[in-house]
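J.: Provided herewith is a single structure, encoded as structure tokens, for subsequent inquiry.
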Amino acid sequence: MLTLEGAFRDISSANWDYLIEAAERELTGTAGSHIDVCILPADFQTAAGQAKLLKYHGCAAQAVANSATHRHLLIARTPQIAQYRVNGDYAVMRNHLVTTIQQRCTLMIGFSAQDTDVRDIFVDGVTPSQWDWAAQPKPFLFAEDALHAGQRTVLQVAYRGDFNPNRFAIEAEACVRAYAKPLLMALLMSVMELKIAALVNLGVPMIFNGGDRKLLEIGLRKLRSGAAIAAEPDRLLFIRALIDTLRRGLGLFHNGDTTNATYIPISSTPLQQVGAIPGPTGLRQAAVALSLLGCGAEDGSWSVSAGPVGAAPLLIDQAGRVTRVFMAANDQVASEMMRNGHIDPDANDALLLLSASPAARQTRSPDPAFGRTGKIKLREICMTSLVAGATDGPGLLDDFKRSASL
């Protein structure tokens, strides 16, 4: 998921297994559609996906499927590891890894750097790189409870004369005291929050000051914290539920349907390129809407949760009164959503947030009409119009609550 969100461009693995490829196939429907497995020189020459999976000790699946060309590439025995530097089959791989270490920050998960081939690659990469140990983000991070000798060697070679006088600070800042599963979960939630926050900043009026933007950031942090709490104790179950929520939510938002069974990222570009996402996608307004939902949860007006499988993507609970929340990029998508039976125009307790409404849909009055049932009919809000009329963050939140009859 992190790779599909554009967070990783190079993933190096000493493992032979097929786990990453299997995860890609489950998320996208096809292994190799977004991530290129690279072992041989030709793999690098034809790689055109979002990221490279650098299997520098070979691949068991390839060894079975293409025994003649890949079986001898499996690296396991000590002599093979010791001779890795002069193994011609891996010359391009090794050069790519060295260059990557020189040019990009490195997060090591499950690597002790004890194998001589791994340590040599790092030494060759960091020696001329002139990495600054005080830089942010940190050039080298290790997901360990405590650093091992091989990892200390990498830091010592990387920071040279700065290492000994700053050893304790360098080692403390390089050690991320979390293992793979919780760390990757936290990274995923952080990447999503940062992307949505960037979209919010693009979507609010220019007159919004730092305090107004901070209010919306707090709303997003509330949603992220709620999701993190929901991840325990079964993180795998949570991830599958998150995938389903994103698939349904973004499928409905973009297309008005959920027939696409594949994972839909917020964007396939990294955080730095969020500004290049075209405005007409409506993602900026949708991000503002999510922030406002989080703001309401933060001030106690309601709670927000993901809807069950096959239902609305989000639910708002106000002291037992539940409102189903749908989002649509524009009026045409909203009409498709209704035509496909995902939302009933006469539904009770439903909220439809449109990023834009070019067809000028006939929206229902935002004023509640409880009648005998105490129910509120479908409410529709054009976020573009709502945001355009806002002069500050608190006013935007108040307008949102009033327009949504919340």
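Every chain in the structure tokens has a letter given in the order shown (A, B, ...), and although residue numbers restart at 1 in each chain, ligands are simply numbered from 1 in the order shown.
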For the interface of segment 275-314 of chain A with segment 258-263 of chain A (cut-off 12 Å, counting only C-alpha atoms), please tabulate each contacting residue of segment 275-314 of chain A alongside its nearest pair of atoms and their separation in Å to one decimal, rows sorted by chain and increasing number, as a tab-separated table.
T.:
```
residue	atom	partner	partner_atom	distance
A:Val309	CA	A:Thr258	CA	11.2
A:Gly310	CA	A:Thr258	CA	8.9
A:Ala311	CA	A:Thr258	CA	10.7
A:Ala312	CA	A:Thr258	CA	11.0
A:Pro313	CA	A:Thr258	CA	10.8
```
J.: Could you please take those selected residues and save N, CA and C atoms as an mmCIF file, in the first residue's frame?
T.:
```cif
data_model
loop_
_atom_site.group_PDB
_atom_site.id
_atom_site.type_symbol
_atom_site.label_atom_id
_atom_site.label_comp_id
_atom_site.auth_asym_id
_atom_site.auth_seq_id
_atom_site.Cartn_x
_atom_site.Cartn_y
_atom_site.Cartn_z
ATOM 1 N N VAL A 309 -18.752 -3.489 5.692
ATOM 2 C CA VAL A 309 -18.533 -3.884 4.299
ATOM 3 C C VAL A 309 -19.836 -3.792 3.512
ATOM 4 N N GLY A 310 -19.776 -3.134 2.363
ATOM 5 C CA GLY A 310 -20.939 -3.014 1.495
ATOM 6 C C GLY A 310 -21.853 -1.855 1.822
ATOM 7 N N ALA A 311 -21.554 -1.122 2.915
ATOM 8 C CA ALA A 311 -22.407 -0.004 3.319
ATOM 9 C C ALA A 311 -21.710 1.314 2.994
ATOM 10 N N ALA A 312 -22.210 2.404 3.599
ATOM 11 C CA ALA A 312 -21.597 3.712 3.387
ATOM 12 C C ALA A 312 -20.153 3.696 3.873
ATOM 13 N N PRO A 313 -19.263 4.412 3.196
ATOM 14 C CA PRO A 313 -17.858 4.413 3.620
ATOM 15 C C PRO A 313 -17.653 4.925 5.037
#
```
J.: Residues of segment 226-367 of chain A in strand (DSSP E) according to DSSP, as a VMD selection string?
T.: chain A and resid 303 to 306 314 to 318 321 to 328 350 to 354
J.: Out of A:Ala60, A:Val191, A:Ala76, A:Ala289, which residue has the shortest atom-to-atom distance to Val274 of chain A when counting only C-alpha atoms?
T.: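 Among the listed residues, the smallest separation from Val274 of chain A belongs to A:Val191.
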J.: I'd like the contact shell of segment 277-288 of chain A - 7 Å cut-off, only C-alpha atoms, skipping same-chain residues fewer than 6 positions apart - returned as a ChimeraX atom specification.
T.: /A:196,199-200,202-203,329,355-356,383-384
J.: For the selection just defined, write its residues with C-alpha atoms to a file, as a short mmCIF file (atom, residue, chain, number, x, y, z; two decimals), in the first residue's frame.
T.:
```cif
data_model
loop_
_atom_site.label_atom_id
_atom_site.label_comp_id
_atom_site.auth_asym_id
_atom_site.auth_seq_id
_atom_site.Cartn_x
_atom_site.Cartn_y
_atom_site.Cartn_z
CA ILE A 196 -4.80 14.67 2.86
CA LEU A 199 -4.77 18.58 -0.25
CA VAL A 200 -6.57 20.54 2.48
CA LEU A 202 -4.61 23.50 -1.48
CA GLY A 203 -8.38 23.43 -1.03
CA ALA A 329 -16.45 14.29 -7.07
CA SER A 355 -16.76 18.38 -4.29
CA ALA A 356 -18.45 20.30 -7.12
CA MET A 383 -18.08 21.69 -0.80
CA THR A 384 -16.76 24.12 -3.42
#
```
J.: Residues near Arg160 of chain A, anyone? I mean within 10 Å using only C-alpha atoms, not counting same-chain ones fewer than 3 positions away, as a VMD selection string.
T.: chain A and resid 126 to 127 130 to 131 133 154 to 157 163 to 164
J.: State, in Å with one decimal place, the distance from atom CA of Ala23 of chain A to atom CA of Gln62 of chain A.
T.: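 Straight-line distance from atom CA of Ala23 of chain A to atom CA of Gln62 of chain A works out to 16.7 Å.
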J.: Using only C-alpha atoms, which residues of segment 187-274 of chain A come within 12 Å of segment 25-48 of chain A, and what is the closest atom pair for each, with the distance in Å to one decimal? Give it as a Markdown table, sorted by chain and residue number.
T.:
```
| residue | atom | partner | partner_atom | distance |
| --- | --- | --- | --- | --- |
| A:Ile239 | CA | A:Leu27 | CA | 11.5 |
| A:Arg240 | CA | A:Leu27 | CA | 10.0 |
| A:Leu242 | CA | A:Leu27 | CA | 11.9 |
| A:Ile243 | CA | A:Leu27 | CA | 8.4 |
| A:Asp244 | CA | A:Leu27 | CA | 10.3 |
| A:Leu246 | CA | A:Leu27 | CA | 11.6 |
| A:Arg247 | CA | A:Leu27 | CA | 10.0 |
| A:Asn260 | CA | A:Thr28 | CA | 9.9 |
| A:Ala261 | CA | A:Gly29 | CA | 8.1 |
| A:Thr262 | CA | A:Thr28 | CA | 4.9 |
| A:Tyr263 | CA | A:Leu27 | CA | 5.1 |
| A:Ile264 | CA | A:Thr28 | CA | 8.6 |
| A:Pro265 | CA | A:Leu27 | CA | 10.3 |
| A:Ser268 | CA | A:His34 | CA | 10.0 |
```
J.: Store the residues picked out above, limited to C-alpha atoms, as a tab-separated table (two decimals), in the first residue's frame.
T.:
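That gives us part.tsv:
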```tsv
chain	number	residue	atom	x	y	z
A	239	ILE	CA	-5.70	-3.32	7.17
A	240	ARG	CA	-8.16	-5.40	5.19
A	242	LEU	CA	-9.06	-0.11	5.61
A	243	ILE	CA	-8.49	-1.40	2.08
A	244	ASP	CA	-12.21	-2.08	1.73
A	246	LEU	CA	-10.74	3.12	0.67
A	247	ARG	CA	-11.86	0.97	-2.25
A	260	ASN	CA	-13.53	-2.10	-9.04
A	261	ALA	CA	-12.14	-4.71	-6.66
A	262	THR	CA	-8.61	-3.28	-6.59
A	263	TYR	CA	-7.03	-0.91	-4.10
A	264	ILE	CA	-7.45	2.76	-4.98
A	265	PRO	CA	-4.69	5.01	-3.58
A	268	SER	CA	-0.01	7.27	-6.87
```
